[in-house]
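**Q** Hey, dropping my_file01.txt in here, compact mmCIF, C-alpha atoms:
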# COMPACT_ATOMS: atom_id res chain seq x y z
CA MET A 25 96.88 -85.18 104.77
CA GLY A 26 93.24 -84.25 104.08
CA GLY A 27 94.42 -81.52 101.76
CA THR A 28 96.58 -83.92 99.84
CA ARG A 29 93.68 -86.31 99.27
CA PHE A 30 91.50 -83.48 98.07
CA GLU A 31 94.15 -82.30 95.65
CA TYR A 32 94.67 -85.88 94.45
CA ARG A 33 90.96 -86.34 93.75
CA LYS A 34 90.78 -82.98 92.08
CA SER A 35 93.79 -83.84 89.92
CA LYS A 36 92.28 -87.22 89.07
CA ARG A 37 88.97 -85.63 88.01
CA LEU A 38 90.80 -83.05 85.92
CA ASN A 39 92.81 -85.76 84.19
CA ARG A 40 89.63 -87.75 83.46
CA PHE A 41 87.94 -84.65 82.03
CA LEU A 42 90.95 -83.82 79.90
CA ASN A 43 91.19 -87.39 78.63
CA THR A 44 87.51 -87.35 77.72
CA ALA A 45 87.86 -84.02 75.94
CA ILE A 46 90.93 -85.23 74.06
CA GLY A 47 89.07 -88.38 73.05
CA ILE A 48 86.13 -86.34 71.73
CA VAL A 49 88.49 -84.07 69.77
CA VAL A 50 90.27 -87.10 68.27
CA VAL A 51 86.93 -88.64 67.24
CA LEU A 52 85.80 -85.39 65.63
CA ILE A 53 89.11 -85.00 63.78
CA GLY A 54 88.84 -88.56 62.52
CA PHE A 55 85.21 -88.02 61.43
CA PHE A 56 85.98 -84.85 59.47
CA ALA A 57 89.11 -86.40 57.95
CA VAL A 58 87.05 -89.31 56.66
CA GLN A 59 84.40 -86.94 55.27
CA ILE A 60 86.97 -84.77 53.54
CA PHE A 61 88.90 -87.68 52.06
CA PHE A 62 85.96 -89.73 50.79
CA GLY A 63 83.99 -86.63 49.75
CA SER A 64 86.85 -85.34 47.57
CA THR A 65 87.34 -88.80 46.03
CA GLU A 66 83.67 -89.06 45.05
CA SER A 67 83.65 -85.54 43.58
CA GLU A 68 86.75 -86.34 41.53
CA GLU A 69 85.12 -89.50 40.23
CA VAL A 70 81.97 -87.60 39.32
CA ALA A 71 84.03 -84.98 37.50
CA VAL A 72 86.14 -87.53 35.66
CA VAL A 73 83.37 -89.80 34.38
CA PRO A 74 81.64 -87.17 32.18
CA GLU A 75 84.97 -86.21 30.63
CA GLU A 76 85.61 -89.82 29.68
CA GLU A 77 82.11 -90.11 28.27
CA ASN A 78 82.59 -86.90 26.28
CA ILE A 79 85.87 -88.22 24.86
CA GLU A 80 84.20 -91.47 23.86
CA SER A 81 81.24 -89.66 22.27
CA GLU A 82 83.60 -87.33 20.36
CA ASN A 83 85.61 -90.30 19.13
CA THR A 84 82.39 -92.02 18.02
CA GLU A 85 81.24 -88.91 16.14
CA ASN A 86 84.63 -88.54 14.47
CA GLU A 87 84.58 -92.19 13.41
CA ASN A 88 81.07 -91.79 12.01
CA SER A 89 82.02 -88.67 10.05
CA ILE A 90 85.15 -90.37 8.69
CA SER A 91 83.18 -93.45 7.67
CA ASP A 92 80.59 -91.22 5.96
CA GLU A 93 83.31 -89.41 4.01
CA VAL A 94 85.01 -92.66 3.04
CA GLY A 95 81.70 -94.25 2.07
CA SER A 96 80.75 -91.43 -0.32
CA SER A 97 82.56 -91.40 -3.62
CA PRO A 98 83.36 -87.97 -5.11
CA THR A 99 82.64 -89.28 -8.61
CA GLU A 100 79.09 -90.37 -7.77
CA GLU A 101 76.29 -88.17 -9.08
CA THR A 102 73.49 -87.91 -6.58
CA PRO A 103 69.83 -87.84 -7.66
CA VAL A 104 69.49 -84.40 -6.07
CA GLN A 105 72.08 -82.95 -8.46
CA ASP A 106 70.34 -84.59 -11.42
CA GLU A 107 67.01 -83.19 -10.29
CA ASP A 108 68.49 -79.69 -10.00
CA VAL A 109 69.91 -79.91 -13.55
CA GLU A 110 66.64 -81.27 -14.90
CA GLN A 111 64.69 -78.57 -13.09
CA GLY A 112 66.92 -75.86 -14.58
CA GLU A 113 66.45 -77.34 -18.06
CA ASP A 114 62.70 -77.52 -17.54
CA GLU A 115 62.57 -73.86 -16.50
CA LEU A 116 64.58 -72.91 -19.59
CA ASN A 117 62.26 -74.92 -21.80
CA GLU A 118 59.25 -73.28 -20.16
CA ASP A 119 60.66 -69.85 -20.97
CA GLU A 120 61.32 -70.85 -24.55
CA THR A 121 57.90 -72.42 -24.97
CA GLU A 122 55.85 -69.58 -23.51
CA ASN A 123 52.14 -70.34 -23.76
CA GLY A 124 52.92 -73.82 -25.10
CA LEU A 125 54.47 -72.63 -28.39
CA GLU A 126 57.76 -74.15 -29.48
CA PRO A 127 60.33 -71.62 -30.76
CA VAL A 128 61.01 -72.04 -34.48
CA GLU A 129 63.18 -70.46 -37.15
CA ASP A 130 62.03 -67.08 -38.44
CA GLY A 131 59.48 -67.49 -41.23
CA GLN A 132 58.45 -71.00 -40.10
CA TRP A 133 55.82 -69.87 -37.60
CA GLN A 134 52.38 -71.38 -37.19
CA PRO A 135 49.12 -69.71 -36.08
CA VAL A 136 49.02 -69.39 -32.29
CA GLY A 137 45.44 -70.65 -31.94
CA THR A 138 42.33 -68.77 -30.89
CA SER A 139 39.28 -68.97 -28.66
CA GLN A 140 37.36 -66.57 -30.91
CA THR A 141 34.49 -68.05 -32.89
CA GLY A 142 32.21 -66.81 -35.62
CA GLU A 143 33.00 -63.94 -37.94
CA PHE A 144 36.28 -62.30 -36.98
CA THR A 145 36.08 -58.69 -35.81
CA PRO A 146 39.40 -56.96 -35.07
CA ASP A 147 39.51 -55.59 -31.53
CA PHE A 148 42.59 -53.62 -30.51
CA THR A 149 41.31 -52.83 -27.02
CA GLU A 150 44.04 -53.61 -24.50
CA ASN A 151 43.46 -56.85 -22.53
CA SER A 152 40.63 -57.92 -24.83
CA VAL A 153 40.64 -61.53 -26.10
CA ASN A 154 41.97 -60.42 -29.50
CA TRP A 155 44.63 -58.20 -27.89
CA ASN A 156 45.85 -61.05 -25.67
CA GLU A 157 46.05 -63.41 -28.65
CA MET A 158 48.05 -60.86 -30.67
CA THR A 159 50.36 -60.42 -27.66
CA ARG A 160 50.82 -64.16 -27.56
CA ALA A 161 51.77 -64.17 -31.25
CA LEU A 162 54.34 -61.42 -30.62
CA GLN A 163 55.91 -63.44 -27.80
CA TYR A 164 55.98 -66.51 -30.05
CA ALA A 165 57.74 -64.64 -32.88
CA THR A 166 60.31 -62.85 -30.71
CA GLY A 167 60.92 -65.50 -28.03
CA LEU A 168 60.27 -62.92 -25.30
CA SER A 169 58.39 -63.87 -22.16
CA GLU A 170 55.27 -62.10 -20.97
CA ASP A 171 57.14 -60.57 -18.02
CA ASP A 172 60.09 -59.39 -20.12
CA MET A 173 58.28 -58.01 -23.20
CA ILE A 174 57.41 -54.31 -23.51
CA ILE A 175 54.78 -53.36 -26.11
CA PHE A 176 55.42 -49.91 -27.63
CA TRP A 177 52.81 -50.22 -30.36
CA LEU A 178 50.22 -52.79 -31.41
CA GLY A 179 47.61 -51.87 -33.98
CA ASN A 180 46.10 -52.34 -37.42
CA GLY A 181 48.52 -53.43 -40.08
CA GLY A 182 46.64 -52.01 -43.06
CA SER A 183 43.65 -54.36 -43.19
CA ALA A 184 41.07 -55.91 -40.88
CA THR A 185 43.04 -59.16 -40.76
CA SER A 186 46.54 -57.79 -40.25
CA ALA A 187 48.35 -56.20 -37.31
CA VAL A 188 51.76 -54.74 -36.54
CA GLY A 189 53.46 -54.72 -33.17
CA THR A 190 56.65 -53.06 -31.95
CA VAL A 191 58.08 -54.75 -28.87
CA SER A 192 61.36 -55.25 -27.04
CA ALA A 193 62.93 -56.85 -24.03
CA LYS A 194 63.13 -54.65 -20.96
CA ASN A 195 66.93 -54.42 -21.23
CA GLN A 196 66.99 -53.82 -25.02
CA GLN A 197 64.48 -51.02 -25.55
CA ASP A 198 66.68 -49.07 -27.99
CA GLN A 199 66.50 -51.84 -30.62
CA PRO A 200 62.95 -53.21 -30.59
CA TYR A 201 61.41 -55.84 -32.84
CA GLN A 202 58.73 -54.99 -35.38
CA VAL A 203 56.47 -57.96 -36.06
CA ARG A 204 53.72 -58.25 -38.67
CA LEU A 205 50.80 -60.58 -37.97
CA GLU A 206 48.11 -62.03 -40.22
CA TRP A 207 44.78 -63.46 -39.06
CA VAL A 208 43.95 -67.05 -40.06
CA ASP A 209 40.28 -67.97 -39.61
CA GLY A 210 39.78 -70.57 -36.92
CA GLN A 211 43.52 -70.75 -36.17
CA GLY A 212 44.42 -67.33 -34.79
CA TRP A 213 47.19 -64.85 -35.45
CA LEU A 214 50.17 -65.94 -37.55
CA PRO A 215 53.53 -64.08 -37.43
CA VAL A 216 54.63 -63.49 -41.01
CA GLU A 217 57.56 -61.07 -40.61
CA LYS A 218 59.99 -60.01 -37.88
CA LYS A 219 62.77 -57.47 -38.06
CA GLN A 220 64.89 -55.70 -35.47
CA LEU A 221 64.95 -51.92 -35.72
CA GLU A 222 68.17 -49.93 -35.29
CA SER A 223 66.37 -47.38 -33.14
CA ASN A 224 63.14 -47.08 -31.21
CA PRO A 225 60.71 -44.63 -32.89
CA TYR A 226 58.53 -44.60 -29.77
CA ARG A 227 61.22 -43.29 -27.38
Written as structure tokens, how would this file's structure read?
**A**
Amino acid sequence: MGGTRFEYRKSKRLNRFLNTAIGIVVVLIGFFAVQIFFGSTESEEVAVVPEEENIESENTENENSISDEVGSSPTEETPVQDEDVEQGEDELNEDETENGLEPVEDGQWQPVGTSQTGEFTPDFTENSVNWNEMTRALQYATGLSEDDMIIFWLGNGGSATSAVGTVSAKNQQDQPYQVRLEWVDGQGWLPVEKKQLESNPYR
């Protein structure tokens, strides 16, 4: 009888312990299930929202680009294009009017001007004032720029007030120009004759 009571109490305690353990396990399972379910839902929402925002931003950019294309007419000439054309024309005019001299028909030249004063003394020293003014007259007569013109000969033309120069463009050295210059007091060197040679005597 005593043994039966002891076994009954022992069985009752074991059942209570098992019930408590089962209850704890159920609570833990429920807790982790809630964490997993709600955690995955929040992560999905976080992942989805940026994609929707990206789609909206891409749509907005596409609409803006389409509206920009529709708003611009292909037949309109923009000021930038006009400025580029004008700039190109200005550069061309600058090349043609080297040193401020307008290109003219052969034989219609004018004296190129001078900074020399007093009695004229011919000076054929390279890079002297007189040399530079003769070079300017050669450019004026031939239409060549300072950077493109090669001087093969520049010297006395038979008198103190005359000079002869043989020059060419860098890419046309086999057929140079021969230019005769005359000095005009107070006005500088005046081209009076220009002819293109069939060959270059200095090569």
**Q** What's the separation between atom CA of A:Ser186 and atom CA of A:Thr166, in Å to one decimal place?
**A** 17.5 Å
**Q** Under the rule that all atoms listed in the file are counted, which of A:Leu205, A:Ala187, A:Leu52, A:Ala165 is the nearest residue to A:Gln220?
**A**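 The answer is A:Ala165, which sits nearest to A:Gln220.
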**Q** I'd like the interatomic distance between atom CA of A:Pro146 and atom CA of A:Lys218, to a tenth of an Å.
**A**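 Atom-to-atom, atom CA of A:Pro146 and atom CA of A:Lys218 are spaced 21.0 Å apart.
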**Q** Considering all atoms listed in the file, state which residue in the set A:Lys219, A:Arg33, A:Arg227, A:Arg204 is at the smallest distance from A:Gly179.
**A**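 Selected residue with least distance to A:Gly179: A:Arg204.
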**Q** Determine the nearest neighbour of A:Phe176 from the options A:Tyr201, A:Phe62, A:Tyr226, A:Phe30, counting all atoms listed in the file.
**A**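 Using all atoms listed in the file, A:Phe176 sits closest to A:Tyr226.
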**Q** Counting all atoms listed in the file, which of A:Glu31, A:Glu217, A:Asp209, A:Asp171 gets nearest to A:Glu143?
**A**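 Smallest distance to A:Glu143 is found for A:Asp209.
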**Q** Give the answer as one residue: which of A:Gly210, A:Pro215, A:Gly63, A:Gly47 has the shortest atom-to-atom distance to A:Gly142, using all atoms listed in the file?
**A**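 Of A:Gly210, A:Pro215, A:Gly63, A:Gly47, the one nearest A:Gly142, counting all atoms listed in the file, is A:Gly210.
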**Q** When distances are computed from only C-alpha atoms, which of A:Leu221, A:Trp177, A:Gly137, A:Ile46 shows the smallest separation from A:Gly189?
**A**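 Using only C-alpha atoms, A:Gly189 sits closest to A:Trp177.
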**Q** Quick one: pull the distance between atom CA of A:Leu178 and atom CA of A:Ala161, Å, one decimal.
**A**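 Computed distance, atom CA of A:Leu178 to atom CA of A:Ala161, equals 11.5 Å.
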